[in-house]
Every structure is written in structure tokens, then in C-alpha cells.
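Enquirer: My file is upload.pdb. It has PDB, C-alpha atoms:
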ATOM      1  CA  MET A  10       0.000   0.000   0.000  1.00  0.00           C
ATOM      2  CA  ASN A  11       1.253   3.479  -0.839  1.00  0.00           C
ATOM      3  CA  SER A  12       2.198   5.567   2.181  1.00  0.00           C
ATOM      4  CA  THR A  13       0.125   8.534   0.959  1.00  0.00           C
ATOM      5  CA  PRO A  14      -3.637   8.211   0.390  1.00  0.00           C
ATOM      6  CA  ILE A  15      -4.960   9.178  -3.026  1.00  0.00           C
ATOM      7  CA  LEU A  16      -8.096  10.676  -1.428  1.00  0.00           C
ATOM      8  CA  TYR A  17      -8.524  11.760   2.155  1.00  0.00           C
ATOM      9  CA  GLY A  18     -10.578  14.004   4.402  1.00  0.00           C
ATOM     10  CA  ARG A  19      -9.694  15.802   7.616  1.00  0.00           C
ATOM     11  CA  GLY A  20     -12.231  17.022  10.157  1.00  0.00           C
ATOM     12  CA  ILE A  21     -15.137  16.862   7.702  1.00  0.00           C
ATOM     13  CA  GLU A  22     -18.275  18.508   9.029  1.00  0.00           C
ATOM     14  CA  LYS A  23     -21.507  19.238   7.192  1.00  0.00           C
ATOM     15  CA  THR A  24     -24.367  21.285   8.566  1.00  0.00           C
ATOM     16  CA  TYR A  25     -27.618  22.109   6.776  1.00  0.00           C
ATOM     17  CA  LYS A  26     -29.833  25.009   7.779  1.00  0.00           C
ATOM     18  CA  ILE A  27     -33.482  23.944   7.929  1.00  0.00           C
ATOM     19  CA  GLY A  28     -35.704  26.894   8.752  1.00  0.00           C
ATOM     20  CA  GLN A  29     -34.321  28.373  11.954  1.00  0.00           C
ATOM     21  CA  GLN A  30     -32.467  25.234  12.957  1.00  0.00           C
ATOM     22  CA  ASN A  31     -29.098  23.739  12.023  1.00  0.00           C
ATOM     23  CA  LEU A  32     -28.861  20.031  11.275  1.00  0.00           C
ATOM     24  CA  GLN A  33     -25.338  18.672  11.640  1.00  0.00           C
ATOM     25  CA  VAL A  34     -25.046  15.599   9.404  1.00  0.00           C
ATOM     26  CA  LEU A  35     -21.270  15.008   9.610  1.00  0.00           C
ATOM     27  CA  LYS A  36     -19.423  15.664  12.858  1.00  0.00           C
ATOM     28  CA  GLY A  37     -15.700  15.914  12.187  1.00  0.00           C
ATOM     29  CA  LEU A  38     -14.748  12.797  10.217  1.00  0.00           C
ATOM     30  CA  ASN A  39     -11.305  11.719   9.067  1.00  0.00           C
ATOM     31  CA  ILE A  40     -10.977   9.216   6.232  1.00  0.00           C
ATOM     32  CA  GLU A  41      -8.102   7.881   4.113  1.00  0.00           C
ATOM     33  CA  ILE A  42      -8.503   6.101   0.784  1.00  0.00           C
ATOM     34  CA  TYR A  43      -5.446   4.410  -0.734  1.00  0.00           C
ATOM     35  CA  LYS A  44      -4.925   3.744  -4.422  1.00  0.00           C
ATOM     36  CA  GLY A  45      -6.063   0.340  -5.677  1.00  0.00           C
ATOM     37  CA  GLN A  46      -7.875  -0.599  -2.454  1.00  0.00           C
ATOM     38  CA  ASP A  47     -11.575  -1.288  -1.835  1.00  0.00           C
ATOM     39  CA  TYR A  48     -13.549   0.434   0.914  1.00  0.00           C
ATOM     40  CA  CYS A  49     -17.068   0.230   2.262  1.00  0.00           C
ATOM     41  CA  ILE A  50     -18.910   2.699   4.472  1.00  0.00           C
ATOM     42  CA  LEU A  51     -21.702   0.821   6.208  1.00  0.00           C
ATOM     43  CA  GLY A  52     -24.627   2.518   7.902  1.00  0.00           C
ATOM     44  CA  GLY A  53     -28.372   2.870   8.102  1.00  0.00           C
ATOM     45  CA  SER A  54     -30.513   5.560   6.563  1.00  0.00           C
ATOM     46  CA  GLY A  55     -29.656   9.005   7.905  1.00  0.00           C
ATOM     47  CA  ALA A  56     -26.165   8.025   9.075  1.00  0.00           C
ATOM     48  CA  GLY A  57     -24.565  10.613   6.784  1.00  0.00           C
ATOM     49  CA  LYS A  58     -22.740   8.187   4.509  1.00  0.00           C
ATOM     50  CA  SER A  59     -24.130   9.563   1.228  1.00  0.00           C
ATOM     51  CA  THR A  60     -23.318  13.115   2.311  1.00  0.00           C
ATOM     52  CA  LEU A  61     -19.738  12.064   3.012  1.00  0.00           C
ATOM     53  CA  LEU A  62     -19.457  10.329  -0.364  1.00  0.00           C
ATOM     54  CA  HIS A  63     -20.718  13.427  -2.178  1.00  0.00           C
ATOM     55  CA  ILE A  64     -18.168  15.601  -0.378  1.00  0.00           C
ATOM     56  CA  LEU A  65     -15.298  13.219  -1.129  1.00  0.00           C
ATOM     57  CA  GLY A  66     -16.302  13.219  -4.796  1.00  0.00           C
ATOM     58  CA  GLY A  67     -16.557  16.987  -5.067  1.00  0.00           C
ATOM     59  CA  LEU A  68     -20.336  17.019  -5.538  1.00  0.00           C
ATOM     60  CA  ASP A  69     -20.705  19.039  -2.347  1.00  0.00           C
ATOM     61  CA  ARG A  70     -18.430  21.056  -0.097  1.00  0.00           C
ATOM     62  CA  PRO A  71     -17.972  20.529   3.652  1.00  0.00           C
ATOM     63  CA  THR A  72     -19.065  23.187   6.128  1.00  0.00           C
ATOM     64  CA  HIS A  73     -15.739  22.652   7.898  1.00  0.00           C
ATOM     65  CA  GLY A  74     -12.730  20.481   7.163  1.00  0.00           C
ATOM     66  CA  ASP A  75     -10.827  19.664   4.002  1.00  0.00           C
ATOM     67  CA  VAL A  76     -10.756  17.008   1.280  1.00  0.00           C
ATOM     68  CA  TYR A  77      -7.560  16.253  -0.618  1.00  0.00           C
ATOM     69  CA  PHE A  78      -7.065  14.376  -3.882  1.00  0.00           C
ATOM     70  CA  LYS A  79      -3.426  13.567  -4.650  1.00  0.00           C
ATOM     71  CA  GLY A  80      -2.449  16.187  -2.082  1.00  0.00           C
ATOM     72  CA  GLU A  81      -4.541  18.951  -3.636  1.00  0.00           C
ATOM     73  CA  ASN A  82      -7.231  20.610  -1.514  1.00  0.00           C
ATOM     74  CA  LEU A  83     -10.568  20.316  -3.322  1.00  0.00           C
ATOM     75  CA  ASN A  84     -12.046  23.112  -1.217  1.00  0.00           C
ATOM     76  CA  LYS A  85      -9.685  25.585  -2.870  1.00  0.00           C
ATOM     77  CA  LYS A  86     -10.858  24.711  -6.370  1.00  0.00           C
ATOM     78  CA  SER A  87     -13.315  26.927  -8.242  1.00  0.00           C
ATOM     79  CA  GLU A  88     -16.647  25.441  -9.286  1.00  0.00           C
ATOM     80  CA  GLU A  89     -15.327  25.106 -12.831  1.00  0.00           C
ATOM     81  CA  ALA A  90     -12.174  23.306 -11.681  1.00  0.00           C
ATOM     82  CA  LEU A  91     -14.214  21.081  -9.398  1.00  0.00           C
ATOM     83  CA  ALA A  92     -16.480  20.104 -12.295  1.00  0.00           C
ATOM     84  CA  LYS A  93     -13.406  19.191 -14.362  1.00  0.00           C
ATOM     85  CA  PHE A  94     -12.078  17.109 -11.455  1.00  0.00           C
ATOM     86  CA  ARG A  95     -15.373  15.203 -11.196  1.00  0.00           C
ATOM     87  CA  ASN A  96     -15.452  14.582 -14.939  1.00  0.00           C
ATOM     88  CA  GLN A  97     -11.883  13.355 -15.267  1.00  0.00           C
ATOM     89  CA  SER A  98     -10.810  11.772 -11.970  1.00  0.00           C
ATOM     90  CA  ILE A  99     -13.926  10.384 -10.274  1.00  0.00           C
ATOM     91  CA  GLY A 100     -16.587   7.942 -11.458  1.00  0.00           C
ATOM     92  CA  PHE A 101     -19.997   8.015  -9.761  1.00  0.00           C
ATOM     93  CA  VAL A 102     -22.608   5.255  -9.552  1.00  0.00           C
ATOM     94  CA  PHE A 103     -25.860   5.901  -7.687  1.00  0.00           C
ATOM     95  CA  GLN A 104     -28.739   3.783  -6.428  1.00  0.00           C
ATOM     96  CA  PHE A 105     -30.925   5.243  -9.151  1.00  0.00           C
ATOM     97  CA  HIS A 106     -29.002   5.076 -12.407  1.00  0.00           C
ATOM     98  CA  HIS A 107     -29.972   8.620 -13.531  1.00  0.00           C
ATOM     99  CA  LEU A 108     -29.820   7.671 -17.203  1.00  0.00           C
ATOM    100  CA  LEU A 109     -31.246  10.169 -19.680  1.00  0.00           C
ATOM    101  CA  GLN A 110     -34.406   8.525 -20.951  1.00  0.00           C
ATOM    102  CA  GLU A 111     -34.348  10.157 -24.385  1.00  0.00           C
ATOM    103  CA  PHE A 112     -30.870   8.808 -25.173  1.00  0.00           C
ATOM    104  CA  THR A 113     -29.712   5.289 -26.025  1.00  0.00           C
ATOM    105  CA  ALA A 114     -27.282   3.302 -23.897  1.00  0.00           C
ATOM    106  CA  LEU A 115     -24.479   4.273 -26.278  1.00  0.00           C
ATOM    107  CA  GLU A 116     -25.382   7.951 -26.092  1.00  0.00           C
ATOM    108  CA  ASN A 117     -25.688   7.899 -22.294  1.00  0.00           C
ATOM    109  CA  VAL A 118     -22.260   6.322 -21.869  1.00  0.00           C
ATOM    110  CA  SER A 119     -20.674   8.700 -24.404  1.00  0.00           C
ATOM    111  CA  MET A 120     -22.000  11.764 -22.606  1.00  0.00           C
ATOM    112  CA  PRO A 121     -19.090  12.479 -20.180  1.00  0.00           C
ATOM    113  CA  ALA A 122     -16.573  12.374 -23.045  1.00  0.00           C
ATOM    114  CA  ARG A 123     -18.713  14.565 -25.270  1.00  0.00           C
ATOM    115  CA  LEU A 124     -19.107  17.099 -22.448  1.00  0.00           C
ATOM    116  CA  SER A 125     -15.330  17.211 -22.048  1.00  0.00           C
ATOM    117  CA  GLY A 126     -14.935  18.089 -25.723  1.00  0.00           C
ATOM    118  CA  GLN A 127     -13.956  14.694 -27.090  1.00  0.00           C
ATOM    119  CA  LYS A 128     -14.838  14.024 -30.729  1.00  0.00           C
ATOM    120  CA  ALA A 129     -18.070  12.084 -31.250  1.00  0.00           C
ATOM    121  CA  LYS A 130     -16.490   9.185 -33.146  1.00  0.00           C
ATOM    122  CA  MET A 131     -13.819   8.570 -30.524  1.00  0.00           C
ATOM    123  CA  ALA A 132     -16.326   8.835 -27.663  1.00  0.00           C
ATOM    124  CA  LYS A 133     -18.718   6.445 -29.403  1.00  0.00           C
ATOM    125  CA  GLN A 134     -15.980   3.876 -29.982  1.00  0.00           C
ATOM    126  CA  LYS A 135     -14.935   3.827 -26.332  1.00  0.00           C
ATOM    127  CA  ALA A 136     -18.549   3.763 -25.108  1.00  0.00           C
ATOM    128  CA  GLU A 137     -19.292   0.809 -27.359  1.00  0.00           C
ATOM    129  CA  ARG A 138     -16.210  -1.034 -26.107  1.00  0.00           C
ATOM    130  CA  LEU A 139     -17.217  -0.489 -22.475  1.00  0.00           C
ATOM    131  CA  LEU A 140     -20.779  -1.642 -23.057  1.00  0.00           C
ATOM    132  CA  VAL A 141     -19.585  -4.776 -24.837  1.00  0.00           C
ATOM    133  CA  GLU A 142     -17.168  -5.511 -21.967  1.00  0.00           C
ATOM    134  CA  LEU A 143     -20.059  -5.198 -19.502  1.00  0.00           C
ATOM    135  CA  GLY A 144     -22.171  -7.655 -21.459  1.00  0.00           C
ATOM    136  CA  LEU A 145     -24.408  -5.103 -23.174  1.00  0.00           C
ATOM    137  CA  GLY A 146     -23.272  -5.486 -26.776  1.00  0.00           C
ATOM    138  CA  GLY A 147     -26.839  -6.251 -27.776  1.00  0.00           C
ATOM    139  CA  ARG A 148     -28.238  -3.186 -26.023  1.00  0.00           C
ATOM    140  CA  LEU A 149     -26.180  -0.386 -27.579  1.00  0.00           C
ATOM    141  CA  ARG A 150     -29.121   1.352 -29.228  1.00  0.00           C
ATOM    142  CA  HIS A 151     -31.751   0.489 -26.656  1.00  0.00           C
ATOM    143  CA  TYR A 152     -33.293   3.205 -24.525  1.00  0.00           C
ATOM    144  CA  PRO A 153     -33.381   2.886 -20.715  1.00  0.00           C
ATOM    145  CA  SER A 154     -37.094   2.033 -20.794  1.00  0.00           C
ATOM    146  CA  GLN A 155     -36.241  -0.989 -22.959  1.00  0.00           C
ATOM    147  CA  MET A 156     -33.762  -2.425 -20.464  1.00  0.00           C
ATOM    148  CA  SER A 157     -34.029  -4.236 -17.130  1.00  0.00           C
ATOM    149  CA  GLY A 158     -32.945  -2.618 -13.878  1.00  0.00           C
ATOM    150  CA  GLY A 159     -29.707  -4.601 -13.848  1.00  0.00           C
ATOM    151  CA  GLU A 160     -28.947  -3.627 -17.445  1.00  0.00           C
ATOM    152  CA  GLN A 161     -29.603   0.043 -16.703  1.00  0.00           C
ATOM    153  CA  GLN A 162     -27.212  -0.065 -13.768  1.00  0.00           C
ATOM    154  CA  ARG A 163     -24.550  -1.644 -15.993  1.00  0.00           C
ATOM    155  CA  VAL A 164     -25.014   1.250 -18.421  1.00  0.00           C
ATOM    156  CA  ALA A 165     -24.574   3.651 -15.494  1.00  0.00           C
ATOM    157  CA  ILE A 166     -21.363   1.852 -14.485  1.00  0.00           C
ATOM    158  CA  ALA A 167     -20.065   2.048 -18.064  1.00  0.00           C
ATOM    159  CA  ARG A 168     -20.817   5.775 -18.049  1.00  0.00           C
ATOM    160  CA  ALA A 169     -18.906   6.143 -14.755  1.00  0.00           C
ATOM    161  CA  LEU A 170     -15.888   4.444 -16.347  1.00  0.00           C
ATOM    162  CA  MET A 171     -15.993   6.473 -19.573  1.00  0.00           C
ATOM    163  CA  MET A 172     -13.300   8.961 -18.550  1.00  0.00           C
ATOM    164  CA  SER A 173     -11.037   6.275 -17.007  1.00  0.00           C
ATOM    165  CA  PRO A 174     -11.398   7.553 -13.432  1.00  0.00           C
ATOM    166  CA  GLU A 175      -8.882   6.651 -10.750  1.00  0.00           C
ATOM    167  CA  VAL A 176     -11.557   6.408  -8.056  1.00  0.00           C
ATOM    168  CA  LEU A 177     -15.016   4.887  -8.407  1.00  0.00           C
ATOM    169  CA  LEU A 178     -17.585   6.061  -5.838  1.00  0.00           C
ATOM    170  CA  ALA A 179     -20.866   4.174  -5.505  1.00  0.00           C
ATOM    171  CA  ASP A 180     -23.881   5.179  -3.407  1.00  0.00           C
ATOM    172  CA  GLU A 181     -26.111   2.170  -2.604  1.00  0.00           C
ATOM    173  CA  PRO A 182     -25.452   0.806  -6.122  1.00  0.00           C
ATOM    174  CA  THR A 183     -27.510  -2.353  -5.598  1.00  0.00           C
ATOM    175  CA  GLY A 184     -30.203  -0.894  -3.345  1.00  0.00           C
ATOM    176  CA  ASN A 185     -32.783  -0.694  -6.132  1.00  0.00           C
ATOM    177  CA  LEU A 186     -32.204  -4.171  -7.604  1.00  0.00           C
ATOM    178  CA  ASP A 187     -33.562  -7.650  -6.939  1.00  0.00           C
ATOM    179  CA  SER A 188     -31.170 -10.060  -5.225  1.00  0.00           C
ATOM    180  CA  GLU A 189     -30.041 -11.805  -8.426  1.00  0.00           C
ATOM    181  CA  ASN A 190     -29.133  -8.570 -10.206  1.00  0.00           C
ATOM    182  CA  ALA A 191     -27.671  -7.121  -7.010  1.00  0.00           C
ATOM    183  CA  ASN A 192     -25.257 -10.046  -6.735  1.00  0.00           C
ATOM    184  CA  LYS A 193     -24.214  -9.670 -10.377  1.00  0.00           C
ATOM    185  CA  ILE A 194     -23.525  -5.945  -9.938  1.00  0.00           C
ATOM    186  CA  GLN A 195     -21.566  -6.604  -6.741  1.00  0.00           C
ATOM    187  CA  ASP A 196     -19.430  -9.160  -8.563  1.00  0.00           C
ATOM    188  CA  LEU A 197     -18.898  -6.665 -11.374  1.00  0.00           C
ATOM    189  CA  PHE A 198     -17.512  -3.993  -9.041  1.00  0.00           C
ATOM    190  CA  PHE A 199     -14.784  -6.301  -7.784  1.00  0.00           C
ATOM    191  CA  GLU A 200     -14.012  -7.599 -11.279  1.00  0.00           C
ATOM    192  CA  LEU A 201     -13.559  -4.005 -12.468  1.00  0.00           C
ATOM    193  CA  LYS A 202     -11.397  -3.134  -9.481  1.00  0.00           C
ATOM    194  CA  GLU A 203      -9.002  -5.940 -10.361  1.00  0.00           C
ATOM    195  CA  SER A 204      -9.013  -5.549 -14.149  1.00  0.00           C
ATOM    196  CA  LEU A 205      -8.752  -1.739 -14.202  1.00  0.00           C
ATOM    197  CA  GLY A 206      -6.798  -1.142 -11.008  1.00  0.00           C
ATOM    198  CA  LEU A 207      -9.603   1.030  -9.659  1.00  0.00           C
ATOM    199  CA  THR A 208      -9.827   2.474  -6.189  1.00  0.00           C
ATOM    200  CA  LEU A 209     -13.323   1.577  -4.992  1.00  0.00           C
ATOM    201  CA  LEU A 210     -15.441   3.272  -2.311  1.00  0.00           C
ATOM    202  CA  VAL A 211     -19.013   2.078  -1.785  1.00  0.00           C
ATOM    203  CA  VAL A 212     -21.595   3.171   0.759  1.00  0.00           C
ATOM    204  CA  THR A 213     -24.340   0.719   1.651  1.00  0.00           C
ATOM    205  CA  HIS A 214     -26.703  -0.446   4.372  1.00  0.00           C
ATOM    206  CA  ASP A 215     -26.292  -4.067   3.201  1.00  0.00           C
ATOM    207  CA  ARG A 216     -24.138  -5.931   5.727  1.00  0.00           C
ATOM    208  CA  GLN A 217     -23.753  -8.941   3.448  1.00  0.00           C
ATOM    209  CA  PHE A 218     -22.372  -6.726   0.669  1.00  0.00           C
ATOM    210  CA  ALA A 219     -20.078  -4.980   3.156  1.00  0.00           C
ATOM    211  CA  GLN A 220     -18.497  -8.294   4.177  1.00  0.00           C
ATOM    212  CA  ARG A 221     -16.929  -8.568   0.713  1.00  0.00           C
ATOM    213  CA  PHE A 222     -14.730  -5.493   1.225  1.00  0.00           C
ATOM    214  CA  SER A 223     -11.192  -5.421   2.574  1.00  0.00           C
ATOM    215  CA  ASN A 224     -11.811  -2.176   4.482  1.00  0.00           C
ATOM    216  CA  VAL A 225     -15.120  -1.451   6.229  1.00  0.00           C
ATOM    217  CA  GLN A 226     -16.021   1.518   8.412  1.00  0.00           C
ATOM    218  CA  THR A 227     -19.401   1.834  10.088  1.00  0.00           C
ATOM    219  CA  MET A 228     -21.138   5.167  10.469  1.00  0.00           C
ATOM    220  CA  ARG A 229     -23.936   6.244  12.772  1.00  0.00           C
ATOM    221  CA  ASP A 230     -25.283   9.768  13.310  1.00  0.00           C
ATOM    222  CA  GLY A 231     -22.454  11.404  11.397  1.00  0.00           C
ATOM    223  CA  LEU A 232     -19.641   9.665  13.299  1.00  0.00           C
ATOM    224  CA  TRP A 233     -17.573   6.515  12.920  1.00  0.00           C
ATOM    225  CA  THR A 234     -18.485   3.717  15.294  1.00  0.00           C
ATOM    226  CA  THR A 235     -16.029   1.206  16.701  1.00  0.00           C
TER     227      THR A 235
END
Could you spell out this file's structure in C-alpha cells?
Expert:
Amino acid sequence: MNSTPILYGRGIEKTYKIGQQNLQVLKGLNIEIYKGQDYCILGGSGAGKSTLLHILGGLDRPTHGDVYFKGENLNKKSEEALAKFRNQSIGFVFQFHHLLQEFTALENVSMPARLSGQKAKMAKQKAERLLVELGLGGRLRHYPSQMSGGEQQRVAIARALMMSPEVLLADEPTGNLDSENANKIQDLFFELKESLGLTLLVVTHDRQFAQRFSNVQTMRDGLWTT
């Protein structure tokens, strides 16, 4: 294991203002993620695990504390620079696949590359290759409504891999699937970690899924539990 984490947080706090009251969701968390390793944050609903994941991935900013990627403080980046970081360095997979319904699988997967300015032909070729590798060669021109839940999540994973991210973040990625498809997607995450050398961080409430990870931290009420 490298001595320096690729992604880490120090004293991460997050507070939301709701009416006249403040709701503190994260209460001063430290976390270290090392390159090529797999991590799971386990916790029930409301524990704060999704909020932490969003902050680590640059989707949100902490109220207090700092997040570093390769030694660079994400909090000091502009919104434009943060968007570029998310597009190029981090892959996101969510419980709900968030596919664009009016676009085909191929178009959905191509989207991150097209948004970064990549030429359409090149983006299409890589998207097609990813979809074929994930067993969706026969679904390239299907729309999300024409695919099963497991197939849609595979498309979402292909989209997350489109820009060759170093870190893959997943928020309850199997929470919306039946047990058979959930198991297949879980297997896929670990296959991708090995074949692509990905750093993997997943948040889940599923204890059985969590047992498959090398590194597991449990969260409750915005704090780590022992």
C-alpha cells in the first residue's frame, strides 16, 4: 500500500440550515482512501454516509474540514475546476441510475466524453467497447425504458468508467435491484477493481455486501463507530 492516500478528508463537518435550525449531518470525520484498495462505508438511513461520499467526490463542499485528492485541496478549487475534477478523476454510480431517458445506452455512456470536448467518433468507440465488456453489446441502441434494472445499472457503471477515473464512488449501487441482479452488480464492481486497477469506495446499508470489502467503516449519526 502506498504511504500517501490518493483521497482523504480531515475534520469533515456538514451542517444544513433547515428553517431556523441547524442540522449537523457530519461531525468531524477523518478518512483515508489508498490507491487500488476497496472500501465500504456501512450505515443505516440518515447516518450521513451519502453526504460524506458526495463531499469526497466533489459534488458538495464541507461546512468545515478539508478534502484532498493527490495532495490537492478540493475546497480551494473553483466550481469550474471542481467540475473538471469530477469529470476526469472520479466515477460516480448511484442507487438510481440517472440515465437520460431520451438517449440510447451508447449515447448515455458517451456523454461524459462529449461534455469534455472529445470528438463524437472517438467517444462512441470507447462507449461501445465499455458496453460490450459489460455484457451489453446487444443493447447499444436500446433506450433505458427498454432495459431491465440490472442492465440500466450496468449502463450507469459504463458511463462512470468512460473517462477512465482513478476512483469509483458508488452510493447504494444495488439498493434498487432484486437479489439476483444485485449479486451480479456486486461481482462486477470487484471484477472491475481488479481488471482496471480502480480504487473503490461504496456506501451501503447491506451488511452482506459490506463483508466482501477489505476495508469497512461503520457510520452512525455522522460519526464513525467502533
Enquirer: Neighbours of Ser173 of chain A within 10 Å (only C-alpha atoms; same-chain residues fewer than 3 positions away dropped), as a ChimeraX atom specification?
Expert: /A:96-100,168-170,176-177,205,207
Enquirer: Which residue is closest to Ile21 of chain A? Choose from A:Leu140, A:Leu68, A:Ile42, A:Val76 and count all atoms listed in the file.
Expert: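 Smallest separation from Ile21 of chain A among the options: A:Val76.
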Enquirer: Could you list, as a list in words, every residue within 12 Å of Gln110 of chain A, counting all atoms listed in the file and ignoring same-chain residues fewer than 4 positions away?
Expert: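 Contacts, with the query itself left out: His106, Ala114, Glu116, Asn117, His151, Tyr152, Pro153, Ser154, Gln155, Met156 and Gln161 of chain A.
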Enquirer: What separation in Å, quoted to one decimal, exists between atom CA of Leu197 of chain A and atom CA of Leu209 of chain A?
Expert: 11.8 Å
Enquirer: Hey, what comes out of the PyMOL selection byres ((chain A and resi 179) around 12) on this file? Could you write it as number ranges by chain?
Expert: A: 47-50, 58-59, 61-63, 65-66, 99-106, 162, 165-166, 169-170, 176-178, 180-184, 194-195, 198, 208-213
Enquirer: Those selected residues, please, written with C-alpha atoms and delivered as a PDB file, in the coordinates of the input.
Expert:
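selection.pdb, freshly written:
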ATOM      1  CA  ASP A  47     -11.575  -1.288  -1.835  1.00  0.00           C
ATOM      2  CA  TYR A  48     -13.549   0.434   0.914  1.00  0.00           C
ATOM      3  CA  CYS A  49     -17.068   0.230   2.262  1.00  0.00           C
ATOM      4  CA  ILE A  50     -18.910   2.699   4.472  1.00  0.00           C
ATOM      5  CA  LYS A  58     -22.740   8.187   4.509  1.00  0.00           C
ATOM      6  CA  SER A  59     -24.130   9.563   1.228  1.00  0.00           C
ATOM      7  CA  LEU A  61     -19.738  12.064   3.012  1.00  0.00           C
ATOM      8  CA  LEU A  62     -19.457  10.329  -0.364  1.00  0.00           C
ATOM      9  CA  HIS A  63     -20.718  13.427  -2.178  1.00  0.00           C
ATOM     10  CA  LEU A  65     -15.298  13.219  -1.129  1.00  0.00           C
ATOM     11  CA  GLY A  66     -16.302  13.219  -4.796  1.00  0.00           C
ATOM     12  CA  ILE A  99     -13.926  10.384 -10.274  1.00  0.00           C
ATOM     13  CA  GLY A 100     -16.587   7.942 -11.458  1.00  0.00           C
ATOM     14  CA  PHE A 101     -19.997   8.015  -9.761  1.00  0.00           C
ATOM     15  CA  VAL A 102     -22.608   5.255  -9.552  1.00  0.00           C
ATOM     16  CA  PHE A 103     -25.860   5.901  -7.687  1.00  0.00           C
ATOM     17  CA  GLN A 104     -28.739   3.783  -6.428  1.00  0.00           C
ATOM     18  CA  PHE A 105     -30.925   5.243  -9.151  1.00  0.00           C
ATOM     19  CA  HIS A 106     -29.002   5.076 -12.407  1.00  0.00           C
ATOM     20  CA  GLN A 162     -27.212  -0.065 -13.768  1.00  0.00           C
ATOM     21  CA  ALA A 165     -24.574   3.651 -15.494  1.00  0.00           C
ATOM     22  CA  ILE A 166     -21.363   1.852 -14.485  1.00  0.00           C
ATOM     23  CA  ALA A 169     -18.906   6.143 -14.755  1.00  0.00           C
ATOM     24  CA  LEU A 170     -15.888   4.444 -16.347  1.00  0.00           C
ATOM     25  CA  VAL A 176     -11.557   6.408  -8.056  1.00  0.00           C
ATOM     26  CA  LEU A 177     -15.016   4.887  -8.407  1.00  0.00           C
ATOM     27  CA  LEU A 178     -17.585   6.061  -5.838  1.00  0.00           C
ATOM     28  CA  ASP A 180     -23.881   5.179  -3.407  1.00  0.00           C
ATOM     29  CA  GLU A 181     -26.111   2.170  -2.604  1.00  0.00           C
ATOM     30  CA  PRO A 182     -25.452   0.806  -6.122  1.00  0.00           C
ATOM     31  CA  THR A 183     -27.510  -2.353  -5.598  1.00  0.00           C
ATOM     32  CA  GLY A 184     -30.203  -0.894  -3.345  1.00  0.00           C
ATOM     33  CA  ILE A 194     -23.525  -5.945  -9.938  1.00  0.00           C
ATOM     34  CA  GLN A 195     -21.566  -6.604  -6.741  1.00  0.00           C
ATOM     35  CA  PHE A 198     -17.512  -3.993  -9.041  1.00  0.00           C
ATOM     36  CA  THR A 208      -9.827   2.474  -6.189  1.00  0.00           C
ATOM     37  CA  LEU A 209     -13.323   1.577  -4.992  1.00  0.00           C
ATOM     38  CA  LEU A 210     -15.441   3.272  -2.311  1.00  0.00           C
ATOM     39  CA  VAL A 211     -19.013   2.078  -1.785  1.00  0.00           C
ATOM     40  CA  VAL A 212     -21.595   3.171   0.759  1.00  0.00           C
ATOM     41  CA  THR A 213     -24.340   0.719   1.651  1.00  0.00           C
TER      42      THR A 213
END
Enquirer: Counting all atoms listed in the file, figure out which residue out of A:Leu16, A:Pro121, A:Arg95, A:Gly45 gets nearest to Asn82 of chain A.
Expert: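 Looking only at the distances to Asn82 of chain A, the closest residue turns out to be A:Leu16.
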